[in-house]
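So this block is upload_25.txt, compact mmCIF, C-alpha atoms:
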# COMPACT_ATOMS: atom_id res chain seq x y z
CA MET A 30 -16.80 -5.32 24.38
CA GLN A 31 -20.07 -3.55 25.22
CA LYS A 32 -23.52 -4.25 23.79
CA ILE A 33 -26.51 -2.25 22.57
CA GLU A 34 -29.97 -3.78 22.22
CA LEU A 35 -32.27 -2.43 19.49
CA GLY A 36 -35.41 -4.54 19.73
CA ASN A 37 -34.30 -8.07 18.84
CA ILE A 38 -30.98 -6.90 17.40
CA THR A 39 -27.88 -7.06 19.57
CA ILE A 40 -24.97 -4.86 18.54
CA ASP A 41 -21.45 -5.44 19.83
CA VAL A 42 -19.66 -2.14 20.46
CA GLU A 43 -15.89 -1.84 20.55
CA LEU A 44 -14.32 1.46 21.60
CA LYS A 45 -11.00 2.02 19.84
CA ASP A 46 -8.43 4.69 19.16
CA ILE A 47 -9.99 5.70 15.84
CA LYS A 48 -11.44 8.91 14.41
CA ASN A 49 -14.67 7.69 12.85
CA ILE A 50 -17.46 5.26 13.74
CA HIS A 51 -17.76 2.08 11.68
CA LEU A 52 -20.79 -0.20 11.37
CA SER A 53 -20.54 -3.73 9.98
CA VAL A 54 -23.02 -6.57 9.46
CA TYR A 55 -21.30 -9.94 9.12
CA PRO A 56 -22.34 -13.09 7.28
CA PRO A 57 -23.69 -15.64 7.53
CA ASN A 58 -26.08 -14.80 10.40
CA GLY A 59 -26.12 -11.00 10.27
CA SER A 60 -24.11 -10.28 13.43
CA VAL A 61 -23.72 -6.55 13.96
CA LYS A 62 -20.65 -4.74 15.23
CA ILE A 63 -19.82 -1.08 15.73
CA ALA A 64 -16.28 0.21 16.17
CA ALA A 65 -16.37 3.70 17.65
CA PRO A 66 -13.87 6.30 18.91
CA SER A 67 -12.93 5.83 22.57
CA ARG A 68 -14.33 9.24 23.49
CA MET A 69 -17.83 8.47 22.15
CA ASP A 70 -20.55 7.62 24.69
CA LEU A 71 -23.04 4.79 24.25
CA ASP A 72 -26.05 7.08 23.85
CA THR A 73 -24.45 8.73 20.83
CA ILE A 74 -23.59 5.31 19.39
CA ARG A 75 -27.17 4.13 19.97
CA VAL A 76 -28.56 7.12 18.02
CA PHE A 77 -26.13 6.35 15.20
CA ALA A 78 -27.29 2.71 15.16
CA LEU A 79 -30.97 3.72 15.20
CA ASN A 80 -30.41 5.87 12.14
CA LYS A 81 -28.85 2.86 10.40
CA LEU A 82 -31.49 0.36 11.56
CA LYS A 83 -33.19 0.00 8.18
CA TRP A 84 -29.86 -0.71 6.50
CA ILE A 85 -28.94 -3.25 9.20
CA LYS A 86 -32.22 -5.13 8.71
CA ASN A 87 -31.80 -5.12 4.93
CA GLN A 88 -28.30 -6.59 5.27
CA GLN A 89 -29.52 -9.24 7.69
CA ALA A 90 -32.37 -10.16 5.35
CA THR A 91 -29.89 -10.56 2.49
CA PHE A 92 -27.71 -12.91 4.50
CA LYS A 93 -30.71 -14.87 5.79
CA GLY A 94 -31.94 -15.54 2.28
CA GLN A 95 -28.53 -16.35 0.89
CA GLU A 96 -27.86 -19.86 -0.28
CA ARG A 97 -25.56 -22.01 1.84
CA GLU A 98 -23.31 -24.75 0.61
CA THR A 99 -23.84 -28.07 2.31
CA PRO A 100 -20.78 -29.44 4.13
CA ARG A 101 -18.20 -30.70 1.65
CA GLU A 102 -17.19 -34.37 1.84
CA TYR A 103 -14.61 -34.23 -0.98
CA ILE A 104 -15.98 -37.24 -2.80
CA SER A 105 -16.63 -37.86 -6.50
CA LYS A 106 -19.61 -36.12 -8.16
CA GLU A 107 -19.69 -33.43 -5.47
CA SER A 108 -20.08 -29.82 -6.68
CA HIS A 109 -17.18 -27.41 -6.25
CA TYR A 110 -16.66 -23.94 -7.70
CA PHE A 111 -13.80 -22.12 -9.41
CA LYS A 112 -14.02 -18.60 -10.87
CA GLY A 113 -17.80 -18.72 -10.40
CA LYS A 114 -18.26 -21.89 -12.45
CA ARG A 115 -19.59 -25.16 -11.02
CA TYR A 116 -17.46 -28.26 -11.45
CA LEU A 117 -17.95 -31.88 -10.42
CA LEU A 118 -15.19 -33.28 -8.26
CA GLU A 119 -13.60 -36.50 -9.46
CA VAL A 120 -11.48 -38.22 -6.83
CA ILE A 121 -8.85 -40.52 -8.32
CA GLU A 122 -6.70 -42.70 -6.10
CA HIS A 123 -3.11 -43.31 -7.17
CA PRO A 124 0.23 -44.02 -5.46
CA HIS A 125 1.89 -40.76 -6.53
CA PRO A 126 1.99 -37.33 -4.84
CA PRO A 127 -1.38 -35.52 -4.75
CA ASN A 128 -2.40 -33.33 -7.64
CA VAL A 129 -5.36 -31.29 -8.88
CA VAL A 130 -6.27 -31.01 -12.57
CA LEU A 131 -8.99 -28.72 -13.92
CA ASN A 132 -10.95 -30.00 -16.91
CA HIS A 133 -13.89 -28.56 -18.83
CA SER A 134 -16.50 -29.70 -16.32
CA THR A 135 -14.55 -31.52 -13.62
CA ILE A 136 -11.91 -30.94 -10.99
CA LYS A 137 -9.81 -34.09 -10.82
CA LEU A 138 -8.35 -34.65 -7.36
CA TYR A 139 -5.53 -37.21 -7.40
CA VAL A 140 -4.81 -38.60 -3.94
CA LYS A 141 -3.20 -41.62 -2.35
CA PRO A 142 -5.56 -44.37 -1.14
CA ASP A 143 -7.11 -43.79 2.29
CA THR A 144 -6.47 -40.02 2.17
CA SER A 145 -8.65 -38.44 4.86
CA LEU A 146 -11.38 -35.87 4.25
CA GLU A 147 -9.30 -33.19 5.98
CA LYS A 148 -6.28 -33.96 3.83
CA ARG A 149 -8.38 -33.87 0.64
CA LYS A 150 -9.72 -30.51 1.74
CA GLU A 151 -6.21 -29.26 2.44
CA ILE A 152 -4.96 -30.35 -0.99
CA LEU A 153 -7.85 -28.65 -2.80
CA GLU A 154 -7.51 -25.47 -0.75
CA GLU A 155 -3.80 -25.31 -1.56
CA TRP A 156 -4.70 -25.61 -5.23
CA TYR A 157 -7.15 -22.71 -4.86
CA ARG A 158 -4.39 -20.69 -3.17
CA THR A 159 -2.01 -21.42 -6.04
CA GLN A 160 -4.61 -20.33 -8.59
CA LEU A 161 -5.19 -17.04 -6.77
CA LYS A 162 -1.46 -16.39 -6.60
CA GLU A 163 -1.38 -16.61 -10.40
CA ILE A 164 -4.37 -14.30 -10.88
CA VAL A 165 -4.05 -11.69 -8.14
CA PRO A 166 -0.65 -10.03 -8.89
CA LYS A 167 -1.72 -9.04 -12.41
CA LEU A 168 -5.00 -7.61 -11.12
CA ILE A 169 -3.30 -5.68 -8.33
CA THR A 170 -0.76 -4.21 -10.76
CA LYS A 171 -3.56 -3.27 -13.17
CA TRP A 172 -5.58 -1.46 -10.52
CA GLU A 173 -2.62 0.13 -8.75
CA HIS A 174 -1.86 1.87 -12.03
CA LYS A 175 -5.48 2.98 -12.54
CA ILE A 176 -6.02 4.15 -8.96
CA GLY A 177 -2.58 5.68 -8.50
CA VAL A 178 -1.58 3.77 -5.37
CA GLU A 179 0.88 1.00 -4.55
CA ALA A 180 0.47 -1.82 -2.06
CA ASN A 181 3.63 -3.06 -0.36
CA GLU A 182 2.41 -6.64 -0.24
CA TYR A 183 -0.63 -8.88 -0.43
CA GLY A 184 -1.55 -12.19 1.12
CA ILE A 185 -4.22 -14.88 0.82
CA ARG A 186 -5.76 -16.49 3.87
CA LYS A 187 -8.98 -18.05 5.11
CA MET A 188 -11.12 -15.33 6.66
CA ARG A 189 -14.43 -15.89 8.38
CA THR A 190 -15.99 -12.43 8.25
CA LYS A 191 -14.55 -10.46 5.35
CA TRP A 192 -13.71 -10.88 1.69
CA GLY A 193 -10.66 -8.69 2.11
CA THR A 194 -8.86 -6.29 4.44
CA CYS A 195 -6.35 -3.49 4.05
CA ASN A 196 -3.78 -2.36 6.59
CA THR A 197 -3.40 1.20 5.39
CA GLU A 198 -0.29 1.92 7.45
CA ALA A 199 1.61 -1.16 6.27
CA LYS A 200 -0.08 -0.95 2.83
CA ARG A 201 -0.79 -4.66 3.11
CA ILE A 202 -3.83 -6.32 1.52
CA TRP A 203 -5.30 -9.65 2.59
CA LEU A 204 -7.72 -11.53 0.33
CA ASN A 205 -10.08 -14.31 1.36
CA LEU A 206 -9.17 -17.72 -0.07
CA GLU A 207 -12.88 -18.22 -0.86
CA LEU A 208 -12.56 -15.62 -3.64
CA ALA A 209 -10.97 -18.31 -5.82
CA LYS A 210 -14.44 -19.82 -6.09
CA LYS A 211 -16.09 -16.58 -7.17
CA PRO A 212 -16.21 -14.87 -10.59
CA VAL A 213 -13.03 -12.95 -11.41
CA GLU A 214 -15.05 -9.72 -11.58
CA CYS A 215 -15.98 -10.17 -7.92
CA LEU A 216 -12.33 -10.77 -7.03
CA GLU A 217 -11.46 -7.58 -8.91
CA PHE A 218 -14.11 -5.64 -7.00
CA ILE A 219 -12.58 -6.69 -3.68
CA ILE A 220 -9.08 -5.76 -4.88
CA VAL A 221 -10.30 -2.32 -6.00
CA HIS A 222 -12.16 -1.87 -2.70
CA GLU A 223 -9.03 -2.59 -0.67
CA LEU A 224 -6.74 -0.49 -2.85
CA VAL A 225 -9.10 2.47 -2.60
CA HIS A 226 -8.63 2.27 1.17
CA LEU A 227 -5.07 3.48 0.50
CA LEU A 228 -6.71 6.73 -0.63
CA GLU A 229 -9.49 6.82 1.99
CA ARG A 230 -9.56 4.66 5.12
CA SER A 231 -13.26 5.07 5.94
CA HIS A 232 -16.36 3.94 4.06
CA ASN A 233 -17.53 7.52 3.70
CA GLU A 234 -18.73 9.66 0.81
CA VAL A 235 -15.17 10.23 -0.37
CA PHE A 236 -14.59 6.47 -0.51
CA VAL A 237 -17.84 5.90 -2.45
CA ASN A 238 -16.90 8.63 -4.91
CA TYR A 239 -13.57 6.95 -5.54
CA MET A 240 -15.31 3.62 -6.12
CA ASN A 241 -17.75 5.27 -8.54
CA GLN A 242 -14.82 6.83 -10.38
CA PHE A 243 -12.63 3.76 -10.71
CA MET A 244 -15.26 1.00 -10.95
CA PRO A 245 -18.68 2.44 -11.88
CA LYS A 246 -20.32 -1.04 -11.70
CA TRP A 247 -18.93 -1.86 -8.25
CA ARG A 248 -22.40 -2.09 -6.70
CA PHE A 249 -23.40 -4.69 -9.30
CA TYR A 250 -20.32 -6.80 -8.49
CA ARG A 251 -21.03 -6.47 -4.78
CA GLU A 252 -24.57 -7.71 -5.35
CA GLU A 253 -23.28 -10.62 -7.43
CA LEU A 254 -20.88 -11.57 -4.66
CA ASN A 255 -23.66 -11.40 -2.09
CA LYS A 256 -25.88 -13.66 -4.19
CA LEU A 257 -23.33 -16.45 -4.41
CA PRO A 258 -23.43 -19.33 -1.91
CA PHE A 259 -21.51 -19.04 1.33
CA SER A 260 -19.25 -21.89 2.27
CA HIS A 261 -20.55 -24.03 5.08
CA LEU A 262 -18.92 -22.02 7.88
CA GLU A 263 -20.11 -20.68 11.17
CA TRP A 264 -18.43 -17.34 10.61
CA LYS A 265 -17.36 -15.43 13.70
CA TYR A 266 -15.33 -12.31 14.30

Serialized structure, structure tokens:
Amino acid sequence: MQKIELGNITIDVELKDIKNIHLSVYPPNGSVKIAAPSRMDLDTIRVFALNKLKWIKNQQATFKGQERETPREYISKESHYFKGKRYLLEVIEHPHPPNVVLNHSTIKLYVKPDTSLEKRKEILEEWYRTQLKEIVPKLITKWEHKIGVEANEYGIRKMRTKWGTCNTEAKRIWLNLELAKKPVECLEFIIVHELVHLLERSHNEVFVNYMNQFMPKWRFYREELNKLPFSHLEWKY
């Protein structure tokens, strides 16, 4: 990994066997990374980064001003989110297997006495995973039909730097577990984004045109997603 310094901004540069150059700014602290073709020299990459400097700073400013969740303790009356709505957690101790029940304004977490914080977190995260597994297949099928593509498989996992990824060769989509906490429209936006990568791998003009065609309000959903609180994570890549 090489580095480029642009004033007070450090950019990690990774040379890979790819055709196009890719620039990314990662939450929560605005880390910057460029993936570039192996044949490209650093001076050319530096010029590319300079031309994108305003965009980089805007992205970093967005992340800096974005609300952060405080660390979760998984105790009663603590705020948790599902589909973009805020719920109060209600921890109920009982001798039976753990369970999670969603009510109008609460998420009831049934656990055995003396269940640790980590275990409570694990139980709730597994519930989020189950909820996504009920929602996602229908959305993928819906958008596969509209876009005219077909993914071979999808998966849900905890990701620290991205809301979703697409392996275009394997036609495999991964979705961030955190999306269970966000509005369904934001989840849909990420699904559309990843499916469109099956038509165009790069974030170029062709990709943007596809997004405009299939989801004209995609920029609005992206902004909504960026406004929502990050989990309390020190995201790295």

Best match for closeness to Tyr250 (chain A) among A:Ile121, A:Leu216, A:Leu35, A:Val54, counting only C-alpha atoms: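 Of the candidates, the smallest distance to Tyr250 (chain A) is held by A:Leu216.
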
A:Ile220, A:Glu151, A:Asp143, A:Lys200 ranked by distance to Ile164 (chain A), top pick (using only C-alpha atoms):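 Among the listed residues, the smallest separation from Ile164 (chain A) belongs to A:Ile220.
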
Nearest to Ser145 (chain A), chosen from A:Tyr103, A:Glu34, A:Glu198, A:Arg186, with only C-alpha atoms counted in the distances: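 Selected residue with least distance to Ser145 (chain A): A:Tyr103.
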
Close residues, Leu82 (chain A) itself excluded, 12 Å, only C-alpha atoms, min 5 positions apart in chain, as a ChimeraX atom specification: /A:34-40,52-54,61,75-77,87-89

Given all atoms listed in the file as the counted atoms, nearest of A:Glu43, A:Glu252, A:Glu155, A:Glu102 to Asp70 (chain A):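 Among A:Glu43, A:Glu252, A:Glu155, A:Glu102, it is A:Glu43 that comes nearest to Asp70 (chain A).
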
For CA of Thr197 (chain A) and CA of Gly177 (chain A), the interatomic separation in Å (one decimal):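 It comes out at 14.6 Å.
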
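Of the residues under consideration (A:Asn80, A:Asn128, A:Thr190, A:Asn241), A:Asn241 shows the shortest atom-to-atom contact distance to His222 (chain A) when counting all atoms listed in the file.
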
Protein, DNA and RNA residues within 12 Å of (-13.2, 1.6, -6.5), only C-alpha atoms, as a PyMOL selection string: chain A and resi 172-173+175-178+217-229+232+235-248+250-251

Top pick for closest residue to Ile169 (chain A), considering A:Glu107, A:Glu182, A:Asp46, A:Glu253 and counting all atoms listed in the file: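 Comparing A:Glu107, A:Glu182, A:Asp46, A:Glu253 against Ile169 (chain A), the winner is A:Glu182.
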
Atomic separation - CA of Lys106 (chain A) relative to CA of Pro127 (chain A), Å: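 So the answer is 18.6 Å.
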
Coordinates-based distance that separates CA of Lys81 (chain A) from CA of Leu204 (chain A) (Å, one decimal):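 CA of Leu204 (chain A) sits 27.5 Å away from CA of Lys81 (chain A).
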
Residues within 7 Å of Lys211 (chain A), all atoms listed in the file, excluding chain neighbours under 2 positions, as number ranges by chain: A: 111-113, 208-209, 213, 215-216

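When the distance limit is 10 Å and only C-alpha atoms are what count, the residues near region 134-137 of chain A, minus those fewer than 6 positions from it on the same chain, are Ser105, Lys106, Glu107, Ser108, His109, Tyr110, Phe111, Lys114, Arg115, Tyr116, Leu117, Leu118, Glu119, Val120, Ile121, Asn128 and Leu153 of chain A.
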